[in-house]
file protein_32.tsv (TSV, C-alpha atoms)
chain	number	residue	atom	x	y	z
A	1	MET	CA	24.66	-3.16	16.89
A	2	GLU	CA	24.25	-6.91	17.10
A	3	VAL	CA	22.77	-8.85	14.18
A	4	ARG	CA	21.41	-11.50	16.53
A	5	ASP	CA	17.70	-10.97	17.24
A	6	ALA	CA	17.64	-7.82	15.09
A	7	ARG	CA	14.61	-7.51	12.80
A	8	VAL	CA	16.05	-6.99	9.33
A	9	LEU	CA	14.32	-6.01	6.08
A	10	LEU	CA	16.29	-7.18	3.03
A	11	THR	CA	15.15	-6.09	-0.43
A	12	GLY	CA	16.24	-7.86	-3.59
A	13	ALA	CA	16.19	-11.13	-1.66
A	14	SER	CA	14.70	-13.32	-4.39
A	15	GLY	CA	17.63	-13.27	-6.81
A	16	GLY	CA	21.25	-12.43	-7.49
A	17	ILE	CA	23.32	-12.06	-4.33
A	18	GLY	CA	20.18	-11.56	-2.22
A	19	PRO	CA	19.76	-15.17	-1.05
A	20	THR	CA	23.40	-15.34	0.06
A	21	ILE	CA	23.02	-12.12	2.04
A	22	ALA	CA	19.85	-13.52	3.62
A	23	ARG	CA	21.59	-16.76	4.61
A	24	GLY	CA	24.52	-14.84	6.06
A	25	LEU	CA	22.21	-12.74	8.22
A	26	ALA	CA	20.14	-15.77	9.26
A	27	ALA	CA	23.31	-17.57	10.33
A	28	ARG	CA	24.01	-14.68	12.71
A	29	GLY	CA	20.54	-14.95	14.25
A	30	ALA	CA	18.70	-12.13	12.46
A	31	ARG	CA	14.89	-12.16	12.27
A	32	LEU	CA	14.43	-11.64	8.55
A	33	VAL	CA	11.76	-9.97	6.47
A	34	LEU	CA	12.55	-10.73	2.84
A	35	SER	CA	11.26	-8.78	-0.14
A	36	GLY	CA	11.68	-9.26	-3.88
A	37	ARG	CA	9.82	-9.53	-7.18
A	38	ARG	CA	10.09	-13.30	-7.75
A	39	GLU	CA	7.38	-14.58	-5.42
A	40	ASP	CA	8.09	-18.32	-5.80
A	41	ALA	CA	11.82	-17.91	-5.09
A	42	LEU	CA	11.07	-15.54	-2.23
A	43	GLU	CA	8.63	-17.92	-0.56
A	44	ALA	CA	11.07	-20.82	-0.89
A	45	LEU	CA	13.91	-18.83	0.66
A	46	ALA	CA	11.67	-17.60	3.48
A	47	ALA	CA	10.60	-21.17	4.24
A	48	GLU	CA	14.23	-22.31	4.29
A	49	LEU	CA	15.28	-19.57	6.73
A	50	GLY	CA	12.15	-19.26	8.84
A	51	ALA	CA	11.71	-15.72	7.55
A	52	THR	CA	8.73	-13.59	6.52
A	53	ALA	CA	8.24	-12.99	2.78
A	54	VAL	CA	6.72	-9.75	1.49
A	55	PRO	CA	6.75	-9.65	-2.34
A	56	ALA	CA	7.11	-6.21	-3.94
A	57	ASP	CA	8.07	-4.71	-7.29
A	58	LEU	CA	9.95	-1.57	-6.30
A	59	ALA	CA	9.59	-0.14	-9.81
A	60	GLU	CA	5.95	0.57	-8.99
A	61	PRO	CA	5.54	4.16	-7.69
A	62	ASP	CA	3.65	3.24	-4.51
A	63	ALA	CA	5.56	0.03	-3.76
A	64	PRO	CA	8.30	1.37	-1.42
A	65	GLU	CA	5.90	3.10	0.93
A	66	ALA	CA	3.43	0.18	0.78
A	67	LEU	CA	6.26	-2.24	1.63
A	68	ALA	CA	7.35	-0.09	4.57
A	69	ARG	CA	3.79	0.03	5.91
A	70	GLU	CA	3.35	-3.74	5.62
A	71	VAL	CA	6.70	-4.54	7.22
A	72	GLY	CA	6.42	-2.06	10.09
A	73	ALA	CA	9.29	-1.26	12.44
A	74	VAL	CA	12.67	-2.87	11.77
A	75	ASP	CA	16.07	-2.61	13.42
A	76	VAL	CA	18.01	-2.87	10.16
A	77	PHE	CA	17.21	-2.04	6.55
A	78	VAL	CA	19.43	-3.65	3.89
A	79	SER	CA	18.75	-2.12	0.47
A	80	ASN	CA	19.91	-4.66	-2.10
A	81	ALA	CA	17.33	-4.49	-4.91
A	82	ALA	CA	18.77	-3.14	-8.17
A	83	LEU	CA	18.49	-3.41	-11.94
A	84	PRO	CA	21.34	-3.56	-14.46
A	85	ALA	CA	21.65	-0.35	-16.49
A	86	ASP	CA	24.70	-0.77	-18.69
A	87	GLY	CA	25.01	0.64	-22.19
A	88	GLN	CA	24.67	3.95	-23.99
A	89	ILE	CA	22.04	6.26	-22.55
A	90	ASP	CA	20.34	6.75	-25.93
A	91	ASP	CA	19.74	3.00	-26.12
A	92	TYR	CA	17.20	3.37	-23.30
A	93	THR	CA	13.62	4.47	-23.63
A	94	PRO	CA	12.31	7.07	-21.15
A	95	ALA	CA	10.34	4.30	-19.43
A	96	GLN	CA	13.46	2.15	-19.04
A	97	ILE	CA	15.38	5.09	-17.59
A	98	ASP	CA	12.59	5.72	-15.11
A	99	ARG	CA	12.52	2.05	-14.10
A	100	ALA	CA	16.27	2.00	-13.40
A	101	LEU	CA	16.06	5.23	-11.41
A	102	ASP	CA	13.02	4.00	-9.48
A	103	VAL	CA	14.50	0.66	-8.40
A	104	ASN	CA	18.15	1.65	-7.93
A	105	LEU	CA	17.76	5.09	-6.35
A	106	ARG	CA	14.19	6.18	-5.60
A	107	ALA	CA	13.19	3.00	-3.74
A	108	PRO	CA	16.16	3.05	-1.32
A	109	ILE	CA	15.48	6.71	-0.55
A	110	PHE	CA	11.74	6.25	0.00
A	111	LEU	CA	12.19	3.11	2.11
A	112	THR	CA	14.87	4.76	4.23
A	113	ARG	CA	12.64	7.80	4.69
A	114	ALA	CA	9.81	5.56	5.88
A	115	LEU	CA	11.83	3.24	8.14
A	116	THR	CA	14.38	5.44	9.91
A	117	PRO	CA	12.06	7.62	12.06
A	118	ALA	CA	11.13	4.61	14.21
A	119	MET	CA	14.81	3.69	14.50
A	120	VAL	CA	15.65	7.20	15.65
A	121	GLN	CA	12.79	7.12	18.15
A	122	ARG	CA	14.19	3.89	19.64
A	123	GLY	CA	17.75	5.23	19.53
A	124	ARG	CA	19.14	2.25	17.60
A	125	GLY	CA	19.21	0.89	14.07
A	126	HIS	CA	21.24	0.63	10.89
A	127	VAL	CA	20.76	1.27	7.17
A	128	VAL	CA	22.93	-0.70	4.72
A	129	LEU	CA	22.87	0.51	1.11
A	130	ILE	CA	24.33	-1.82	-1.52
A	131	ALA	CA	25.86	0.47	-4.14
A	132	SER	CA	28.78	-0.43	-6.45
A	133	ILE	CA	32.32	0.56	-7.29
A	134	GLY	CA	30.47	2.13	-10.23
A	135	GLY	CA	29.25	4.66	-7.69
A	136	ILE	CA	32.82	5.82	-7.05
A	137	ALA	CA	34.51	5.47	-10.44
A	138	THR	CA	33.00	5.45	-13.92
A	139	THR	CA	33.69	3.34	-17.00
A	140	PRO	CA	32.50	3.78	-20.59
A	141	GLY	CA	28.96	2.58	-21.15
A	142	SER	CA	27.85	2.94	-17.54
A	143	ALA	CA	26.32	6.43	-17.44
A	144	LEU	CA	22.85	5.44	-16.21
A	145	TYR	CA	24.02	2.75	-13.81
A	146	SER	CA	26.72	5.00	-12.36
A	147	ALA	CA	24.21	7.83	-12.00
A	148	THR	CA	22.03	5.64	-9.79
A	149	LYS	CA	24.93	4.31	-7.74
A	150	PHE	CA	26.62	7.71	-7.32
A	151	GLY	CA	23.22	8.84	-6.07
A	152	VAL	CA	22.99	5.99	-3.57
A	153	ARG	CA	26.48	6.78	-2.30
A	154	GLY	CA	25.78	10.50	-1.94
A	155	PHE	CA	22.47	9.81	-0.23
A	156	GLY	CA	24.00	7.33	2.20
A	157	LEU	CA	27.00	9.44	3.19
A	158	ALA	CA	24.89	12.56	3.70
A	159	LEU	CA	22.23	10.62	5.62
A	160	ARG	CA	24.96	9.28	7.89
A	161	GLN	CA	25.80	12.84	8.85
A	162	ASP	CA	22.13	13.71	9.37
A	163	LEU	CA	21.70	10.75	11.73
A	164	ARG	CA	24.85	11.39	13.71
A	165	ASP	CA	24.31	10.96	17.47
A	166	THR	CA	20.87	9.38	17.00
A	167	GLY	CA	22.06	5.79	17.49
A	168	VAL	CA	21.22	4.98	13.86
A	169	GLY	CA	24.11	4.15	11.54
A	170	VAL	CA	24.44	4.15	7.76
A	171	THR	CA	26.91	2.13	5.68
A	172	VAL	CA	27.33	2.10	1.90
A	173	ILE	CA	28.77	-1.12	0.42
A	174	HIS	CA	30.51	-1.11	-2.96
A	175	PRO	CA	30.84	-4.56	-4.58
A	176	SER	CA	33.13	-4.99	-7.58
A	177	PHE	CA	32.83	-7.91	-10.03
A	178	ILE	CA	30.99	-10.66	-8.14
A	179	ALA	CA	31.26	-14.27	-9.33
A	180	GLU	CA	28.67	-17.05	-8.91
A	181	ALA	CA	25.58	-14.81	-8.62
A	182	GLY	CA	24.39	-11.31	-9.37
A	183	MET	CA	24.38	-9.03	-12.40
A	184	PHE	CA	27.95	-9.67	-13.52
A	185	ALA	CA	27.86	-13.44	-12.99
A	186	GLU	CA	24.51	-13.77	-14.78
A	187	SER	CA	25.82	-11.83	-17.79
A	188	GLY	CA	28.39	-14.51	-18.62
A	189	VAL	CA	30.99	-11.84	-19.43
A	190	LYS	CA	34.58	-12.98	-18.96
A	191	LEU	CA	37.20	-10.73	-17.39
A	192	PRO	CA	40.78	-10.70	-18.68
A	193	PRO	CA	42.94	-13.61	-17.42
A	194	GLY	CA	44.14	-13.00	-13.90
A	195	ALA	CA	41.47	-10.42	-13.08
A	196	PRO	CA	40.14	-11.42	-9.66
A	197	THR	CA	36.53	-11.38	-8.55
A	198	ARG	CA	34.74	-11.58	-5.22
A	199	THR	CA	31.86	-13.84	-4.17
A	200	PRO	CA	28.35	-13.27	-2.82
A	201	ARG	CA	29.63	-14.59	0.51
A	202	ASP	CA	32.08	-11.69	0.62
A	203	VAL	CA	29.21	-9.26	0.18
A	204	ALA	CA	27.18	-11.03	2.89
A	205	ALA	CA	30.15	-10.77	5.25
A	206	ALA	CA	30.40	-7.06	4.45
A	207	VAL	CA	26.72	-6.58	5.34
A	208	VAL	CA	27.26	-8.24	8.72
A	209	ARG	CA	30.36	-6.11	9.30
A	210	ALA	CA	28.42	-2.98	8.35
A	211	ILE	CA	25.73	-3.67	10.94
A	212	GLU	CA	28.05	-4.76	13.74
A	213	ARG	CA	30.89	-2.24	13.24
A	214	GLY	CA	29.20	0.65	11.46
A	215	PRO	CA	31.83	1.95	8.99
A	216	ALA	CA	30.78	4.62	6.51
A	217	GLU	CA	31.80	2.57	3.47
A	218	ILE	CA	33.02	-0.93	2.62
A	219	MET	CA	34.50	-1.82	-0.75
A	220	VAL	CA	34.16	-5.52	-1.65
A	221	ALA	CA	36.95	-5.72	-4.19
A	222	PRO	CA	40.51	-6.99	-4.68
A	223	ILE	CA	43.20	-4.68	-3.33
A	224	LEU	CA	44.40	-3.39	-6.71
A	225	LEU	CA	40.86	-2.59	-7.79
A	226	ARG	CA	40.22	-0.81	-4.50
A	227	VAL	CA	43.32	1.32	-5.02
A	228	GLY	CA	42.38	2.06	-8.63
A	229	THR	CA	38.84	3.00	-7.67
A	230	HIS	CA	40.06	5.41	-4.97
A	231	LEU	CA	42.48	6.96	-7.47
A	232	ALA	CA	39.66	7.33	-9.99
A	233	GLY	CA	37.69	9.29	-7.41
A	234	LEU	CA	40.61	11.69	-7.03
A	235	ALA	CA	41.70	11.92	-10.68
A	236	PRO	CA	38.86	10.65	-12.88
A	237	ALA	CA	40.16	11.72	-16.31
A	238	PRO	CA	43.64	10.13	-16.29
A	239	VAL	CA	42.43	6.97	-14.56
A	240	ALA	CA	39.59	6.67	-17.10
A	241	ALA	CA	42.16	6.85	-19.91
A	242	VAL	CA	44.10	3.98	-18.37
A	243	SER	CA	40.89	2.03	-17.83
A	244	ARG	CA	39.96	2.35	-21.50
A	245	ARG	CA	43.36	1.06	-22.58
A	246	LEU	CA	42.86	-1.95	-20.30
A	247	GLY	CA	39.64	-2.86	-22.08
A	248	SER	CA	36.91	-1.42	-19.84
A	249	TYR	CA	34.80	-0.35	-22.81
A	250	LYS	CA	34.75	-3.88	-24.22
A	251	ILE	CA	33.66	-5.33	-20.88
A	252	GLN	CA	30.87	-2.75	-20.45
A	253	ALA	CA	29.66	-3.32	-24.02
A	254	GLN	CA	29.41	-7.05	-23.32
A	255	LEU	CA	27.52	-6.37	-20.09
A	256	ALA	CA	25.10	-4.10	-21.94
A	257	ASP	CA	24.42	-6.78	-24.54
A	258	ALA	CA	23.85	-9.40	-21.85
A	259	HIS	CA	21.53	-7.21	-19.80
A	260	ARG	CA	19.50	-5.71	-22.66
A	261	SER	CA	16.69	-8.23	-22.25
A	262	LYS	CA	16.28	-7.33	-18.56
A	263	ARG	CA	15.54	-3.63	-19.03

call {"tool": "encode", "arguments": {"input": "protein_32.tsv", "output": "structure tokens"}}
result
Amino acid sequence: MEVRDARVLLTGASGGIGPTIARGLAARGARLVLSGRREDALEALAAELGATAVPADLAEPDAPEALAREVGAVDVFVSNAALPADGQIDDYTPAQIDRALDVNLRAPIFLTRALTPAMVQRGRGHVVLIASIGGIATTPGSALYSATKFGVRGFGLALRQDLRDTGVGVTVIHPSFIAEAGMFAESGVKLPPGAPTRTPRDVAAAVVRAIERGPAEIMVAPILLRVGTHLAGLAPAPVAAVSRRLGSYKIQAQLADAHRSKR
């Protein structure tokens, strides 16, 4: 479907890669409804883009359904809100585990459940779920985060089959290490020399492509990382062994330290 004149709900718009996704959609003529926790940043972005701002904390149990009711019918839902969840699982309290599950997995499911019936009734629409390469391949110290992103991927791919022939599409996007903004960039963790990253603009372009072309999945990653991730999905144990030797545990440990204050 066309992005131009489509009414689009974007969650996670107030921080990370959200503003870049919003600007990319606005540049293609979308009518945006922006949601996020940081009300000041959200209002400023909405004013810049001529969009509607609807603040929401998706960790609250009733927030997804309340947001869906306030927003009403949309043509496109872009689920971008997420929390970092790196580190050993026993470093998390039960409340912190619940919060990660609620924002990263429960909220996309509940919002999709609330928004897609109207799309199906109209015979057109699209759901874009921002997951992660951590939802295809695992690394040490990513059990909770990968659990949420594997869940998003499984939900999206199965929902795509359920909505087949309704006119409503579903695409799951898997960003890798994103520079300039987002969880990885904000952590300050450095990759090994020569390890390439992608930018928020690449993710925004993938969102536009998802809506207009409707593929099942898009991986926003350098070619070698895409190949390695696909191989990890086919042979997780041997690829994990190689990943550990290349320093994946050290990187994840640094991410966990950087994100600990945001749990």

call {"tool": "closest_residue", "arguments": {"input": "protein_32.tsv", "among": "A:Ile130, A:Ala179, A:Leu9, A:Ala241", "to": "Leu67 of chain A", "atoms": "only C-alpha atoms"}}
result
A:Leu9

call {"tool": "closest_residue", "arguments": {"input": "protein_32.tsv", "among": "A:Ala6, A:Leu111, A:Ala95, A:Leu225", "to": "Glu65 of chain A", "atoms": "only C-alpha atoms"}}
result
A:Leu111

call {"tool": "atom_distance", "arguments": {"input": "protein_32.tsv", "atom1": "atom CA of Ala221 of chain A", "atom2": "atom CA of Arg198 of chain A"}}
result
6.3 Å

call {"tool": "atom_distance", "arguments": {"input": "protein_32.tsv", "atom1": "atom CA of Gly16 of chain A", "atom2": "atom CA of Ala81 of chain A"}}
result
9.2 Å

call {"tool": "closest_residue", "arguments": {"input": "protein_32.tsv", "among": "A:Pro196, A:Gly123, A:Pro236, A:Gly134", "to": "Met1 of chain A", "atoms": "all atoms listed in the file"}}
result
A:Gly123

call {"tool": "closest_residue", "arguments": {"input": "protein_32.tsv", "among": "A:Pro117, A:Pro215, A:Gly87, A:Gly29", "to": "Ser146 of chain A", "atoms": "all atoms listed in the file"}}
result
A:Gly87

call {"tool": "closest_residue", "arguments": {"input": "protein_32.tsv", "among": "A:Ala235, A:Ala46, A:Leu105, A:Ala56", "to": "Ala22 of chain A", "atoms": "only C-alpha atoms"}}
result
A:Ala46

call {"tool": "atom_distance", "arguments": {"input": "protein_32.tsv", "atom1": "atom CA of Asp102 of chain A", "atom2": "atom CA of Pro140 of chain A"}}
result
22.4 Å

call {"tool": "residues_around", "arguments": {"input": "protein_32.tsv", "residues": "Phe110 of chain A", "least_positions_apart": "2", "cutoff": "12 Å", "atoms": "all atoms listed in the file", "output": "PDB file with C-alpha atoms, keeping the file's coordinate frame"}}
result
ATOM      1  CA  LEU A  58       9.950  -1.570  -6.300  1.00  0.00           C
ATOM      2  CA  ALA A  59       9.590  -0.140  -9.810  1.00  0.00           C
ATOM      3  CA  PRO A  61       5.540   4.160  -7.690  1.00  0.00           C
ATOM      4  CA  ASP A  62       3.650   3.240  -4.510  1.00  0.00           C
ATOM      5  CA  ALA A  63       5.560   0.030  -3.760  1.00  0.00           C
ATOM      6  CA  PRO A  64       8.300   1.370  -1.420  1.00  0.00           C
ATOM      7  CA  GLU A  65       5.900   3.100   0.930  1.00  0.00           C
ATOM      8  CA  ALA A  66       3.430   0.180   0.780  1.00  0.00           C
ATOM      9  CA  LEU A  67       6.260  -2.240   1.630  1.00  0.00           C
ATOM     10  CA  ALA A  68       7.350  -0.090   4.570  1.00  0.00           C
ATOM     11  CA  ARG A  69       3.790   0.030   5.910  1.00  0.00           C
ATOM     12  CA  PHE A  77      17.210  -2.040   6.550  1.00  0.00           C
ATOM     13  CA  SER A  79      18.750  -2.120   0.470  1.00  0.00           C
ATOM     14  CA  ASP A 102      13.020   4.000  -9.480  1.00  0.00           C
ATOM     15  CA  VAL A 103      14.500   0.660  -8.400  1.00  0.00           C
ATOM     16  CA  ASN A 104      18.150   1.650  -7.930  1.00  0.00           C
ATOM     17  CA  LEU A 105      17.760   5.090  -6.350  1.00  0.00           C
ATOM     18  CA  ARG A 106      14.190   6.180  -5.600  1.00  0.00           C
ATOM     19  CA  ALA A 107      13.190   3.000  -3.740  1.00  0.00           C
ATOM     20  CA  PRO A 108      16.160   3.050  -1.320  1.00  0.00           C
ATOM     21  CA  THR A 112      14.870   4.760   4.230  1.00  0.00           C
ATOM     22  CA  ARG A 113      12.640   7.800   4.690  1.00  0.00           C
ATOM     23  CA  ALA A 114       9.810   5.560   5.880  1.00  0.00           C
ATOM     24  CA  LEU A 115      11.830   3.240   8.140  1.00  0.00           C
ATOM     25  CA  THR A 116      14.380   5.440   9.910  1.00  0.00           C
ATOM     26  CA  VAL A 152      22.990   5.990  -3.570  1.00  0.00           C
ATOM     27  CA  PHE A 155      22.470   9.810  -0.230  1.00  0.00           C
TER      28      PHE A 155
END

call {"tool": "closest_residue", "arguments": {"input": "protein_32.tsv", "among": "A:Val172, A:Leu231, A:Leu144, A:Ala237", "to": "Thr93 of chain A", "atoms": "all atoms listed in the file"}}
result
A:Leu144

call {"tool": "residues_around", "arguments": {"input": "protein_32.tsv", "residues": "segment 207-209 of chain A", "least_positions_apart": "2", "cutoff": "10 Å", "atoms": "only C-alpha atoms", "output": "list in words"}}
result
Met1, Glu2, Val3, Ile21, Ala22, Gly24, Leu25, Arg28, Val78, Val128, Leu129, Ile130, Thr171, Val172, Ile173, Arg201, Asp202, Val203, Ala204, Ala205, Ile211, Glu212, Arg213, Gly214, Pro215 and Ile218 of chain A

call {"tool": "residues_around", "arguments": {"input": "protein_32.tsv", "residues": "Ile89 of chain A", "least_positions_apart": "3", "cutoff": "8 Å", "atoms": "only C-alpha atoms", "output": "PyMOL selection string"}}
result
chain A and resi 92+141+143-144

call {"tool": "residues_around", "arguments": {"input": "protein_32.tsv", "residues": "Ala53 of chain A", "least_positions_apart": "2", "cutoff": "10 Å", "atoms": "only C-alpha atoms", "output": "tab-separated table (two decimals) with C-alpha atoms, in the coordinates of the input"}}
result
chain	number	residue	atom	x	y	z
A	9	LEU	CA	14.32	-6.01	6.08
A	10	LEU	CA	16.29	-7.18	3.03
A	13	ALA	CA	16.19	-11.13	-1.66
A	14	SER	CA	14.70	-13.32	-4.39
A	32	LEU	CA	14.43	-11.64	8.55
A	33	VAL	CA	11.76	-9.97	6.47
A	34	LEU	CA	12.55	-10.73	2.84
A	35	SER	CA	11.26	-8.78	-0.14
A	36	GLY	CA	11.68	-9.26	-3.88
A	39	GLU	CA	7.38	-14.58	-5.42
A	41	ALA	CA	11.82	-17.91	-5.09
A	42	LEU	CA	11.07	-15.54	-2.23
A	43	GLU	CA	8.63	-17.92	-0.56
A	44	ALA	CA	11.07	-20.82	-0.89
A	45	LEU	CA	13.91	-18.83	0.66
A	46	ALA	CA	11.67	-17.60	3.48
A	47	ALA	CA	10.60	-21.17	4.24
A	50	GLY	CA	12.15	-19.26	8.84
A	51	ALA	CA	11.71	-15.72	7.55
A	55	PRO	CA	6.75	-9.65	-2.34
A	56	ALA	CA	7.11	-6.21	-3.94
A	71	VAL	CA	6.70	-4.54	7.22

call {"tool": "axis_aligned_box", "arguments": {"input": "protein_32.tsv", "around": "segment 207-223 of chain A", "padding_each_side": "5 Å", "output": "lines of an AutoDock Vina configuration file"}}
result
center_x = 34.5
center_y = -1.8
center_z = 4.5
size_x = 27.5
size_y = 22.9
size_z = 28.4

call {"tool": "decode", "arguments": {"input": "protein_32.tsv", "residues": "segment 79-95 of chain A", "atoms": "N, CA and C atoms", "output": "PDB file, in the first residue's frame"}}
result
ATOM      1  N   SER A  79       5.121  -0.805  15.182  1.00  0.00           N
ATOM      2  CA  SER A  79       5.457  -1.093  16.573  1.00  0.00           C
ATOM      3  C   SER A  79       6.964  -0.966  16.758  1.00  0.00           C
ATOM      4  N   ASN A  80       7.376   0.137  17.388  1.00  0.00           N
ATOM      5  CA  ASN A  80       8.799   0.419  17.546  1.00  0.00           C
ATOM      6  C   ASN A  80       9.231   0.505  19.002  1.00  0.00           C
ATOM      7  N   ALA A  81       8.294   0.674  19.929  1.00  0.00           N
ATOM      8  CA  ALA A  81       8.647   0.831  21.339  1.00  0.00           C
ATOM      9  C   ALA A  81       9.311  -0.436  21.869  1.00  0.00           C
ATOM     10  N   ALA A  82      10.409  -0.263  22.598  1.00  0.00           N
ATOM     11  CA  ALA A  82      11.105  -1.411  23.181  1.00  0.00           C
ATOM     12  C   ALA A  82      12.042  -0.945  24.276  1.00  0.00           C
ATOM     13  N   LEU A  83      12.350  -1.865  25.191  1.00  0.00           N
ATOM     14  CA  LEU A  83      13.301  -1.606  26.262  1.00  0.00           C
ATOM     15  C   LEU A  83      14.522  -2.502  26.088  1.00  0.00           C
ATOM     16  N   PRO A  84      15.711  -2.025  26.467  1.00  0.00           N
ATOM     17  CA  PRO A  84      16.874  -2.910  26.477  1.00  0.00           C
ATOM     18  C   PRO A  84      16.707  -3.970  27.556  1.00  0.00           C
ATOM     19  N   ALA A  85      17.214  -5.174  27.296  1.00  0.00           N
ATOM     20  CA  ALA A  85      17.090  -6.259  28.281  1.00  0.00           C
ATOM     21  C   ALA A  85      18.299  -7.179  28.184  1.00  0.00           C
ATOM     22  N   ASP A  86      19.480  -6.571  28.164  1.00  0.00           N
ATOM     23  CA  ASP A  86      20.710  -7.344  28.080  1.00  0.00           C
ATOM     24  C   ASP A  86      21.158  -7.760  29.477  1.00  0.00           C
ATOM     25  N   GLY A  87      21.957  -8.809  29.545  1.00  0.00           N
ATOM     26  CA  GLY A  87      22.512  -9.251  30.816  1.00  0.00           C
ATOM     27  C   GLY A  87      21.986 -10.613  31.231  1.00  0.00           C
ATOM     28  N   GLN A  88      22.516 -11.116  32.333  1.00  0.00           N
ATOM     29  CA  GLN A  88      22.103 -12.414  32.853  1.00  0.00           C
ATOM     30  C   GLN A  88      20.697 -12.328  33.426  1.00  0.00           C
ATOM     31  N   ILE A  89      19.914 -13.362  33.217  1.00  0.00           N
ATOM     32  CA  ILE A  89      18.510 -13.324  33.623  1.00  0.00           C
ATOM     33  C   ILE A  89      18.369 -13.181  35.132  1.00  0.00           C
ATOM     34  N   ASP A  90      19.315 -13.728  35.920  1.00  0.00           N
ATOM     35  CA  ASP A  90      19.190 -13.621  37.373  1.00  0.00           C
ATOM     36  C   ASP A  90      19.626 -12.258  37.905  1.00  0.00           C
ATOM     37  N   ASP A  91      20.062 -11.376  37.008  1.00  0.00           N
ATOM     38  CA  ASP A  91      20.330  -9.994  37.405  1.00  0.00           C
ATOM     39  C   ASP A  91      19.057  -9.151  37.425  1.00  0.00           C
ATOM     40  N   TYR A  92      17.971  -9.698  36.905  1.00  0.00           N
ATOM     41  CA  TYR A  92      16.706  -8.967  36.797  1.00  0.00           C
ATOM     42  C   TYR A  92      15.757  -9.355  37.926  1.00  0.00           C
ATOM     43  N   THR A  93      15.058  -8.376  38.440  1.00  0.00           N
ATOM     44  CA  THR A  93      13.990  -8.660  39.389  1.00  0.00           C
ATOM     45  C   THR A  93      12.760  -9.138  38.607  1.00  0.00           C
ATOM     46  N   PRO A  94      11.820  -9.816  39.274  1.00  0.00           N
ATOM     47  CA  PRO A  94      10.581 -10.185  38.579  1.00  0.00           C
ATOM     48  C   PRO A  94       9.873  -8.987  37.955  1.00  0.00           C
ATOM     49  N   ALA A  95       9.885  -7.850  38.632  1.00  0.00           N
ATOM     50  CA  ALA A  95       9.221  -6.657  38.087  1.00  0.00           C
ATOM     51  C   ALA A  95       9.919  -6.170  36.829  1.00  0.00           C
TER      52      ALA A  95
END
